[in-house]
Each structure stands twice: as C-alpha cells, then as structure tokens.
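A.B. asks: Below is the structure I would like to discuss, written out as structure tokens.
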Amino acid sequence: MRRTGAQIVWEMLKREGVEVVFGIPGGAIMHVYHPRRDYGIHHVLVRHEQCAAHAADGYARASGRVGVAIATSGPGATNLVTGIATAMMDSSPIVCITGQVPTSVIGFDAFQEIDITGITLPITKHNYLVTDVNDLAYIIHEAFYIARSGRPGPVLIDIPKDIQKAETDFVPPEEEVRLPGYRPVGPGDPEAVRQAADLINGAQRPIILAGHGVLMSGAMEILRAFAEKTETPVALTLLSKGGFPESHPLALGMMGMHGEVFVNQAIQEADLLLAFGMRFDDRVTGRLEHYAPKSRKVHVDLDAAELNKIVPVDVAILGDLRQVLEQLLPLVEPASHQEWLEQINRWREESRARDIVNRPSNGRLLAPQVVHAIWEATGGEAIVATDVGQNQMWAAQYYHLNRPHTLMTSGGLGTMGFGLPAAIGAQVAHPDKEVWAFVGDGGFQMTMQELATVVQERLPLRIALLNNGYLGMVRQWQEFFYDQRYESTSLLNPDFVRLVEAYGIHSWRVTTPEETHQAIAEARSHPGPAFIEFQVAQEGEEGNVYPMVPAGAALHEMIRRPTPAVKAR
Amino acid sequence: MKSTLIALVEDKPGVLNRVASLFRRRAFNIESLTVGHTEQPGVSRMTIVVDSARTDVRKVAQNLYKLVNVIQVEDVTERPAVIRDLALIKVRTNGSTRAEVMQIVETFRARVVDVGLETLMVEVTGTEEKIDGLVEVLGSFGIVEMVRTGRVAMVRGSNGNNGKSQYRVKGE
C-alpha cells in the first residue's frame, strides 16, 4: 500500500481514534492538509495557532481523549508555544503536528524555518523531528501513547515537507511501543499503602486534598467511596473541580489562595493530610513554613519527582491514584469524625454569612452574583471554561460542579486568553451540551478573534464577559499591595456588544442585577452562539475576589471580605 | 560532597540536549557529565557528577526518569565502584627540568605521550584526587594546556548494567 507521508498522518490519526483536529494551514504543512477530507477527520479552522493548541487542550480536558493541533513551520509553530506550555503545566494530553522546511535545507535559515523541537523541548513531555518517512507511522503511534499515558502531557511531531511528500509502503505499526525507559506506574508499594492506612485509621481530623490526578486516573468513584467510608472531608484544587461532587456533604470546595476560609482553616487544623494526585502548588500551600503544621501527611502521585518535592511527607506512595485507592479502601476502617465535621461546619457557616451572594442586592451588578445566577439557571449542569484572573476565581468559587471533565481552566501556567478557545474545544467535544465561557475583558481581548471560529463552526457556545474595565486581578493586587496605584491596568475597551454582533453572534448587555436573569434565560434559549457582557463593579470591596491569601502569607492569614456591619457605607 | 549518577539512555539524536536542558531548567548544579557508548547497541551511558551540597541527587534521578529516553538511573556514590578521570597535561620543560618531570610522572604512574622541544605531554588516569595531586606538582613547572574527561564510574562485582537501581521504586 503506497502512501505519502501526508496520507500516513491522517491514516494514523484515524487509527488513534481522532475525529477532529484544530489548526491553520501554511506553506510547510499544505501537503499534510491536502488529503485530509479523504479520511473523514473534521478540521476546525482557528484564527491563531495558539488557539489551536488551547482548543485541542480544551477538547482533551472535556473528552478525556487526546486533542490534536496542526500548524505550519516557523511562526505557525512558535504561535503554538503558549498553548503547549499551558498543556504541559496542567498535564493535558495533546499532540501537535507542525510542518518543517525540507530536510535538505534544515539549518540554512530557510523561509519560515524554526527549530521548534528545540524551542519546545522544555515544554513538551516529548517531541520528534521526523527524518525518515518510514518512521512516521510509528512515531505518531508512540506520540499518542506518550501523550495519554502516565502523567499526560503535550507531544510535538515536526514533519519536514519532503517527508510529507515522500512515498513509502505503509505498514501499520504494531500496537506495542518500544520505549525501554518509559514505564507508567501502576499500584503503589503495598508496605507504603499499609503505612498510609495505619495513619488514616488513627486520624481524628483527616482531610483529603484532591487534585487533578483524581480526574486523570478516573478515581472519582473510588475517591467518593473512600471519603464516605472514612468520613473524611474533601478539599479540591482548582483543577480537580468536578472530581468530587461539590453538592456532597463531605465536599468542602476549593482550597488555597482564593479558597474559602473554612477550607484553609480545616487544612491548617487537620491532623492528617491525604494529598491525592496533587502537587502542592504555591497557590495551594501559601507560606510553606506554616503549612498544615499539625498534620501527618500522605502523598499519592504517579510522578516520582513530585513526591517530597515541596512538602516533605510521612508516607509517599508512587502509583496510579485509582489503583492506590483500590488498595487502600479495604485496609481502612469505617470511621466517624462528627466532632471534626461539626467544627468545620461552624467555620463554614461563618464563611457563608460573609458570602456576597447571600447579601441583599444594593443595585450594583457584582461578578460573583452573575456567576451564581448562571449556575442556578443551568442547574450546575453546564460545561464551564474560564479565562485567567478574577473571572476564573469567581467561576471556580461560584460555579459548583458535580461531574468530572466539566471545567476547562488554565491552572499551572495561568494563561490569559485560554477561556474562549478552550470553550471551543469543549463544545466541539460535546456539541449537544451547554458550554459557558467565563471571560474577563482583559483575557477576552487576547484571543477574541476566535469568535469567527465559533461562527464558522456553528457552535452554540455561551460567553459571559465579566467586564470591569481593568486587568482585574492585577488591579486588585495594586489595590491591596501597591498603594492603589492602578499602573497600566485600566482598559479603554471597545463596545463589546457591537463588536461581537459584527461577528454575527447575538449579544446582550447587562448593567444591573435586575437584567441578569432575563438575559441569561434569553441567551440560553437562543439556538446559536450567545454573548452577554456584564458590566460589573470595578474596584473596592465589590470588585475584589475574596478571600485571599496574600503572596508569602500562611494559609490561615487570609484577607477576608469585610462584613456588612464593619462596612463604612 | 560529590555524588555520582550513572544514567543509561537511548542513543537517539537530541538525548544529551534533553538531559542538559533538564539540568538547566531545574537549576541543578552539575560538576561533570560524560557520555559514551556501552556494550549494548542503541544504549549510551552518562556519568553525572553532582555537588550534593547544592543539588538534591534524588531529585536529579527522579527528573531524569521523566525523560522518555532515559532507561535507568543509578546513584553509585555509596556503592563500591571504580571511579576514573583521565587528563592530558602539557607541561613546560627544558633540558634541566625534563628529567625531574619524567620522574614525577613515573611516581604518579602516569605516562609521557608526546615530547616537544619545550614541553612534555602527560597522560594520567585515576581518581580525581590523584590527578589533582599531579596537576599541583606539575604546576610549579608551568602547565601550558590541560584537558580532563570528567568522571566515569563502574560498580564492582559481576553484575552488569541490569543490576538493581535504587531509584527504580517498586511498582514502577
């Protein structure tokens, strides 16, 4: 079976189960594009390659499959970089295919030549420069395996133009990969698991810190069984939202810098931390010297380099979280921690009393109330993508999720502009589900050109723009820590409604709380894509994300929302 | 305190670059790194010397394992191992000092491998301490040029490369 390199690309994508790819053609990748339609794989034409990578990432997070992005050489490839780094930091499985100048001119500074394997070496799990068409099929197979197995991550395949053109006898690669040094982990060391079980059985104030690994290893069910059997409350990282139902009585909610105070109090007072598939990011721990000082610590992770990296633990278990929990569950005794849970609930009530969504409206439109209203209207059943900054934290705090793979958000890298393209990827993965993108006016303008992609693909995406006229999170830091000097954070914005209408997307503008519910209802019942601009409070108490652990402070030293009684006005 | 790691890696283009890039981005301090072929085709061997006062050797090993092309990493610091460094040293000599230099070379069980009108080239193999010692003594005559390979190491005994590595954690 004679095939060109280009045909082998699609043949292999098909064999790997790929149904859709995101990309932009260009000179050095045209050969690959040419035979695409013969293979029945859908191509989503984005407007900037960064968004091809973000959309592939969003697709991967929403579907649990590998996302694929395609770009040409040179600037096409370098435009992918931010998207690849985003996927790397959040362990998201994507495969990026780039065109390259012909092998005969590599190293000659040819037109649109760039060393993309060199550039992406630190931000990919692995990458390849294909130098022989006979290697191509196997490399693609291996790339998909590496992207999705172990700790998932981005893999890049750079294919020179002459390799795309070259013909060879296509032989499907054998299923088994030849990687002598690459062995994804399985169950944990039984002795370490037994030690962990002993600590769990002796704990009075245990707490589970559930991380992204819960979703990655498919440990949702077993985690729930474990938490219920041991009656252990579950705090979530940003990326694990959806990994444990937030409506569950044992669910605490998000921990860390913008986690609720009672969650962080529980971590600081716990006598046992069970860190499951998380990596003690600095946004989660606050000041390390004062982190969870009263607790023994158990850490389960599939990446040996994460164990004892930041927080020294009593028991470190290297293993796949789902399999480790399967080992642990029979070893732990059913327990009751009523006193501990009651204590946490007293702290929770105190947090609730301060919560801004529980306050009567004062006529001003507040971002947390907008997110809360969308959560109520959608019954918490939407798939949610966020941008980065205040909008992201409000979405995380007020859009409670019960099902896995329903939140697309850039955690580790914190990539502004991620929201819209990630929502596109999620909507492509789930064309019939309701997808909402929460974006701020800063990040939205970094990738807003993808509105054209939304329209061209006829995606029924809902976009909620929380417009406060600022790079809001930076402005909040300036308000708290930089003498309220709003240096270079004020945005002179376009008329977003007219702009978005120009793309052919039906739009609403909301400026008061009274208009909120109707606009949301109308946007939800609109058949096509819909856009709502919410002009929300800009600064001060009503414009800030509370509570907040300042950088360098301990987890319990949070800046709390002023209580109404204390408020001057 | 210096620690010695032996890493077996796939002999593929760019592997040395991947290892070097890893050390740079994780801010690991590396004293020396040697690389060469092994008895197995397709497998290269790296000897990596780490200043363990400044860099956590466990972290180096764990992060090396994250590279797809790294097959096995072993910390041989505490194991009985033969550790060698090789140096070529060009020493300034003249008629009156040549005999003295050659006597010193003899004492250190080194070899003279080239004789010039005003220099001798000395080849020496051994532990780094021994070579440091020779360098110090020859320094008084004037060292014109020197090159050292960096440390290579091999564990004693009859086990080959497949001997157990202490960083292969159970279940992996």
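The chains in the structure tokens are called A, B, ... from first to last as shown; in each chain the residues are counted from 1, and the ligands are counted from 1 in the order shown.
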Looking only at strand (DSSP E) from DSSP on the backbone, list the matching residues of stretch 13-87 of chain B as a count of residues only.
C.D. replies: 30
A.B. asks: Dump as a PyMOL selection string the residues of chain B that approach chain A to within 9 Å, counting only C-alpha atoms.
C.D. replies: chain B and resi 8-10+14+17-18+21-22+25+58-63+65-72+169-172
A.B. asks: Dump N, CA and C atoms for the selected residues as a PDB file, in the first residue's frame?
C.D. replies:
ATOM      1  N   LEU B   8      21.685   5.281  32.006  1.00  0.00           N
ATOM      2  CA  LEU B   8      21.643   4.638  30.701  1.00  0.00           C
ATOM      3  C   LEU B   8      20.533   5.298  29.899  1.00  0.00           C
ATOM      4  N   VAL B   9      20.872   5.732  28.700  1.00  0.00           N
ATOM      5  CA  VAL B   9      19.885   6.445  27.889  1.00  0.00           C
ATOM      6  C   VAL B   9      19.859   5.847  26.488  1.00  0.00           C
ATOM      7  N   GLU B  10      18.713   6.036  25.826  1.00  0.00           N
ATOM      8  CA  GLU B  10      18.643   5.591  24.431  1.00  0.00           C
ATOM      9  C   GLU B  10      19.573   6.452  23.587  1.00  0.00           C
ATOM     10  N   GLY B  14      19.607  14.126  20.051  1.00  0.00           N
ATOM     11  CA  GLY B  14      18.996  15.090  20.960  1.00  0.00           C
ATOM     12  C   GLY B  14      18.903  14.662  22.413  1.00  0.00           C
ATOM     13  N   ASN B  17      20.993  16.753  24.686  1.00  0.00           N
ATOM     14  CA  ASN B  17      20.343  18.063  24.773  1.00  0.00           C
ATOM     15  C   ASN B  17      19.179  18.028  25.770  1.00  0.00           C
ATOM     16  N   ARG B  18      18.399  16.942  25.748  1.00  0.00           N
ATOM     17  CA  ARG B  18      17.271  16.824  26.667  1.00  0.00           C
ATOM     18  C   ARG B  18      17.766  16.788  28.126  1.00  0.00           C
ATOM     19  N   SER B  21      19.163  20.234  29.045  1.00  0.00           N
ATOM     20  CA  SER B  21      18.046  21.172  29.199  1.00  0.00           C
ATOM     21  C   SER B  21      17.324  20.958  30.534  1.00  0.00           C
ATOM     22  N   LEU B  22      17.179  19.698  30.898  1.00  0.00           N
ATOM     23  CA  LEU B  22      16.552  19.377  32.186  1.00  0.00           C
ATOM     24  C   LEU B  22      17.356  19.966  33.344  1.00  0.00           C
ATOM     25  N   ARG B  25      16.861  23.814  33.402  1.00  0.00           N
ATOM     26  CA  ARG B  25      15.575  24.379  33.808  1.00  0.00           C
ATOM     27  C   ARG B  25      15.193  24.030  35.235  1.00  0.00           C
ATOM     28  N   ARG B  58      18.502  12.880  44.660  1.00  0.00           N
ATOM     29  CA  ARG B  58      17.256  12.155  44.400  1.00  0.00           C
ATOM     30  C   ARG B  58      16.414  12.874  43.350  1.00  0.00           C
ATOM     31  N   LYS B  59      16.370  14.200  43.478  1.00  0.00           N
ATOM     32  CA  LYS B  59      15.573  14.965  42.509  1.00  0.00           C
ATOM     33  C   LYS B  59      16.158  14.856  41.103  1.00  0.00           C
ATOM     34  N   VAL B  60      17.485  14.836  41.037  1.00  0.00           N
ATOM     35  CA  VAL B  60      18.113  14.677  39.719  1.00  0.00           C
ATOM     36  C   VAL B  60      17.665  13.354  39.104  1.00  0.00           C
ATOM     37  N   ALA B  61      17.744  12.283  39.901  1.00  0.00           N
ATOM     38  CA  ALA B  61      17.377  10.963  39.389  1.00  0.00           C
ATOM     39  C   ALA B  61      15.897  10.921  39.008  1.00  0.00           C
ATOM     40  N   GLN B  62      15.033  11.436  39.889  1.00  0.00           N
ATOM     41  CA  GLN B  62      13.596  11.396  39.612  1.00  0.00           C
ATOM     42  C   GLN B  62      13.239  12.189  38.359  1.00  0.00           C
ATOM     43  N   ASN B  63      13.898  13.317  38.179  1.00  0.00           N
ATOM     44  CA  ASN B  63      13.593  14.116  36.995  1.00  0.00           C
ATOM     45  C   ASN B  63      14.170  13.493  35.730  1.00  0.00           C
ATOM     46  N   TYR B  65      14.215  10.421  35.158  1.00  0.00           N
ATOM     47  CA  TYR B  65      13.250   9.391  34.773  1.00  0.00           C
ATOM     48  C   TYR B  65      12.064   9.965  34.010  1.00  0.00           C
ATOM     49  N   LYS B  66      11.826  11.257  34.158  1.00  0.00           N
ATOM     50  CA  LYS B  66      10.699  11.849  33.418  1.00  0.00           C
ATOM     51  C   LYS B  66      11.017  11.961  31.931  1.00  0.00           C
ATOM     52  N   LEU B  67      12.292  11.891  31.579  1.00  0.00           N
ATOM     53  CA  LEU B  67      12.639  11.929  30.157  1.00  0.00           C
ATOM     54  C   LEU B  67      12.363  10.558  29.554  1.00  0.00           C
ATOM     55  N   VAL B  68      11.636  10.577  28.455  1.00  0.00           N
ATOM     56  CA  VAL B  68      11.196   9.327  27.833  1.00  0.00           C
ATOM     57  C   VAL B  68      12.383   8.448  27.446  1.00  0.00           C
ATOM     58  N   ASN B  69      13.509   9.052  27.020  1.00  0.00           N
ATOM     59  CA  ASN B  69      14.641   8.272  26.521  1.00  0.00           C
ATOM     60  C   ASN B  69      15.593   7.787  27.614  1.00  0.00           C
ATOM     61  N   VAL B  70      15.327   8.108  28.859  1.00  0.00           N
ATOM     62  CA  VAL B  70      16.208   7.641  29.940  1.00  0.00           C
ATOM     63  C   VAL B  70      15.741   6.261  30.398  1.00  0.00           C
ATOM     64  N   ILE B  71      16.652   5.298  30.339  1.00  0.00           N
ATOM     65  CA  ILE B  71      16.267   3.910  30.626  1.00  0.00           C
ATOM     66  C   ILE B  71      16.431   3.591  32.108  1.00  0.00           C
ATOM     67  N   GLN B  72      17.576   3.982  32.674  1.00  0.00           N
ATOM     68  CA  GLN B  72      17.851   3.627  34.062  1.00  0.00           C
ATOM     69  C   GLN B  72      18.818   4.621  34.679  1.00  0.00           C
ATOM     70  N   VAL B 169      11.582   2.561  41.856  1.00  0.00           N
ATOM     71  CA  VAL B 169      10.728   2.301  43.003  1.00  0.00           C
ATOM     72  C   VAL B 169       9.777   1.166  42.658  1.00  0.00           C
ATOM     73  N   LYS B 170       9.457   0.381  43.649  1.00  0.00           N
ATOM     74  CA  LYS B 170       8.572  -0.760  43.440  1.00  0.00           C
ATOM     75  C   LYS B 170       7.282  -0.340  42.750  1.00  0.00           C
ATOM     76  N   GLY B 171       6.792  -1.201  41.882  1.00  0.00           N
ATOM     77  CA  GLY B 171       5.536  -0.909  41.206  1.00  0.00           C
ATOM     78  C   GLY B 171       5.753  -0.140  39.925  1.00  0.00           C
ATOM     79  N   GLU B 172       6.962   0.320  39.720  1.00  0.00           N
ATOM     80  CA  GLU B 172       7.192   1.104  38.518  1.00  0.00           C
ATOM     81  C   GLU B 172       7.441   0.200  37.326  1.00  0.00           C
TER      82      GLU B 172
END
A.B. asks: Do you know which residues are at most 6 Å from stretch 133-142 of chain B counting only C-alpha atoms, after dropping those on the same chain fewer than 3 positions away, and could you put them as a VMD selection string?
C.D. replies: chain B and resid 91 to 92 130
A.B. asks: Could the residues in this selection be written to a file with N, CA and C atoms, as a PDB file, in the first residue's frame?
C.D. replies:
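Result written to out.pdb:
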ATOM      1  N   VAL B  91      53.143  20.136  29.849  1.00  0.00           N
ATOM      2  CA  VAL B  91      53.961  20.800  30.866  1.00  0.00           C
ATOM      3  C   VAL B  91      55.156  21.483  30.202  1.00  0.00           C
ATOM      4  N   ARG B  92      55.452  22.682  30.679  1.00  0.00           N
ATOM      5  CA  ARG B  92      56.637  23.377  30.150  1.00  0.00           C
ATOM      6  C   ARG B  92      57.902  22.727  30.727  1.00  0.00           C
ATOM      7  N   LYS B 130      43.939  11.994  42.718  1.00  0.00           N
ATOM      8  CA  LYS B 130      45.280  11.696  42.214  1.00  0.00           C
ATOM      9  C   LYS B 130      45.666  12.680  41.113  1.00  0.00           C
TER      10      LYS B 130
END
A.B. asks: At a cut-off of 7 Å, using only C-alpha atoms, what residues contact A:Arg560? Leave out same-chain residues fewer than 6 positions from it and give the result as an MDAnalysis selection string.
C.D. replies: chainID A and resid 546:548
A.B. asks: Contacts of B:Ala7 at 7 Å or less, counting only C-alpha atoms, minus same-chain residues fewer than 4 places along, as a list of chain:residue names?
C.D. replies: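 With the cut-off at 7 Å, the set is B:Arg45, B:Met46, B:Thr47, B:Gln72, B:Val73, B:Glu74.
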A.B. asks: Given the selection you just returned, output its residues as a file containing N, CA and C atoms, formatted as a PDB file, in the first residue's frame.
C.D. replies:
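File written: selection27.pdb
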ATOM      1  N   ARG B  45      25.733   5.722  27.762  1.00  0.00           N
ATOM      2  CA  ARG B  45      25.879   5.764  29.209  1.00  0.00           C
ATOM      3  C   ARG B  45      26.405   7.128  29.625  1.00  0.00           C
ATOM      4  N   MET B  46      25.763   7.722  30.572  1.00  0.00           N
ATOM      5  CA  MET B  46      26.221   9.011  31.088  1.00  0.00           C
ATOM      6  C   MET B  46      26.691   8.840  32.525  1.00  0.00           C
ATOM      7  N   THR B  47      27.815   9.457  32.836  1.00  0.00           N
ATOM      8  CA  THR B  47      28.234   9.553  34.228  1.00  0.00           C
ATOM      9  C   THR B  47      28.084  11.020  34.626  1.00  0.00           C
ATOM     10  N   GLN B  72      17.576   3.982  32.674  1.00  0.00           N
ATOM     11  CA  GLN B  72      17.851   3.627  34.062  1.00  0.00           C
ATOM     12  C   GLN B  72      18.818   4.621  34.679  1.00  0.00           C
ATOM     13  N   VAL B  73      18.589   4.936  35.930  1.00  0.00           N
ATOM     14  CA  VAL B  73      19.486   5.851  36.643  1.00  0.00           C
ATOM     15  C   VAL B  73      19.903   5.183  37.938  1.00  0.00           C
ATOM     16  N   GLU B  74      21.193   5.271  38.252  1.00  0.00           N
ATOM     17  CA  GLU B  74      21.675   4.636  39.468  1.00  0.00           C
ATOM     18  C   GLU B  74      22.636   5.581  40.186  1.00  0.00           C
TER      19      GLU B  74
END
A.B. asks: Residues within 12 Å of B:Ser52, please, as an mmCIF file with C-alpha atoms, in the first residue's frame. Count only C-alpha atoms; anything in the same chain fewer than 4 positions from it doesn't count.
C.D. replies:
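Output file part_32.cif is given in full below:
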data_model
loop_
_atom_site.group_PDB
_atom_site.id
_atom_site.type_symbol
_atom_site.label_atom_id
_atom_site.label_comp_id
_atom_site.auth_asym_id
_atom_site.auth_seq_id
_atom_site.Cartn_x
_atom_site.Cartn_y
_atom_site.Cartn_z
ATOM 1 C CA MET B 1 30.307 16.183 48.770
ATOM 2 C CA LYS B 2 30.138 14.864 45.262
ATOM 3 C CA SER B 3 27.642 12.258 44.149
ATOM 4 C CA THR B 4 27.950 10.114 41.075
ATOM 5 C CA LEU B 5 24.993 9.022 38.982
ATOM 6 C CA PHE B 28 20.634 21.502 39.048
ATOM 7 C CA ASN B 29 24.343 22.113 39.589
ATOM 8 C CA ILE B 30 26.347 19.575 37.626
ATOM 9 C CA GLU B 31 30.099 19.191 38.139
ATOM 10 C CA ILE B 48 26.924 12.604 36.022
ATOM 11 C CA ASP B 56 19.360 17.063 45.711
ATOM 12 C CA VAL B 57 20.602 13.898 43.996
ATOM 13 C CA ARG B 58 17.256 12.155 44.400
ATOM 14 C CA LYS B 59 15.573 14.965 42.509
ATOM 15 C CA VAL B 60 18.113 14.677 39.719
ATOM 16 C CA ASP B 75 23.353 6.520 42.303
ATOM 17 C CA THR B 77 28.079 7.180 45.349
#
A.B. asks: Write out as a PyMOL selection string all residues of chain B that backbone DSSP assigns to helix (DSSP H, G or I).
C.D. replies: chain B and resi 15-25+57-66+98-107+128-139
A.B. asks: Determine the nearest neighbour of B:Thr97 from the options B:Thr119, B:Thr149, B:Thr38, B:Ser32, counting only C-alpha atoms.
C.D. replies: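 Closest to B:Thr97, using only C-alpha atoms: B:Thr119.
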A.B. asks: Might you pull out every residue within 7 Å of stretch 500-511 of chain A, with only C-alpha atoms counted and same-chain residues fewer than 2 positions away left off, and present them as a PyMOL selection string?
C.D. replies: chain A and resi 365+451-452+496-498+515-516+519+529-535
A.B. asks: Nearest to A:Thr285 among A:Ala429, A:Met255, A:Ala437, A:Val300, with distances taken over only C-alpha atoms: which residue is it?
C.D. replies: A:Met255
A.B. asks: In terms of the shortest atom-to-atom distance over only C-alpha atoms, which of A:Trp347, A:Tyr399, A:Phe481, A:Phe276 is closest to A:Gln369?
C.D. replies: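 Closest to A:Gln369 of all the choices is A:Tyr399.
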A.B. asks: Can you work out which one of A:Val332, A:Ile29, A:Ile200, A:Val284 has the shortest atom-to-atom distance to A:Leu239, counting only C-alpha atoms?
C.D. replies: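 With only C-alpha atoms as the atom set, the closest residue is A:Val284.
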A.B. asks: My list of candidates is B:Ala99, B:Ile131, B:Val155, B:Val113. Which is closest to B:Ala87 when distances are computed with only C-alpha atoms?
C.D. replies: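 That would be B:Ile131, the residue with the smallest distance to B:Ala87.
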A.B. asks: Restricting the calculation to only C-alpha atoms, which member of B:Val115, B:Val19, B:Val76, B:Val144 is positioned closest to B:Val35?
C.D. replies: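 Looking only at the distances to B:Val35, the closest residue turns out to be B:Val19.
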A.B. asks: Hey, can you check how far atom CA of A:Thr4 sits from atom CA of A:Phe22?
C.D. replies: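 Between atom CA of A:Thr4 and atom CA of A:Phe22 the gap is 21.6 Å.
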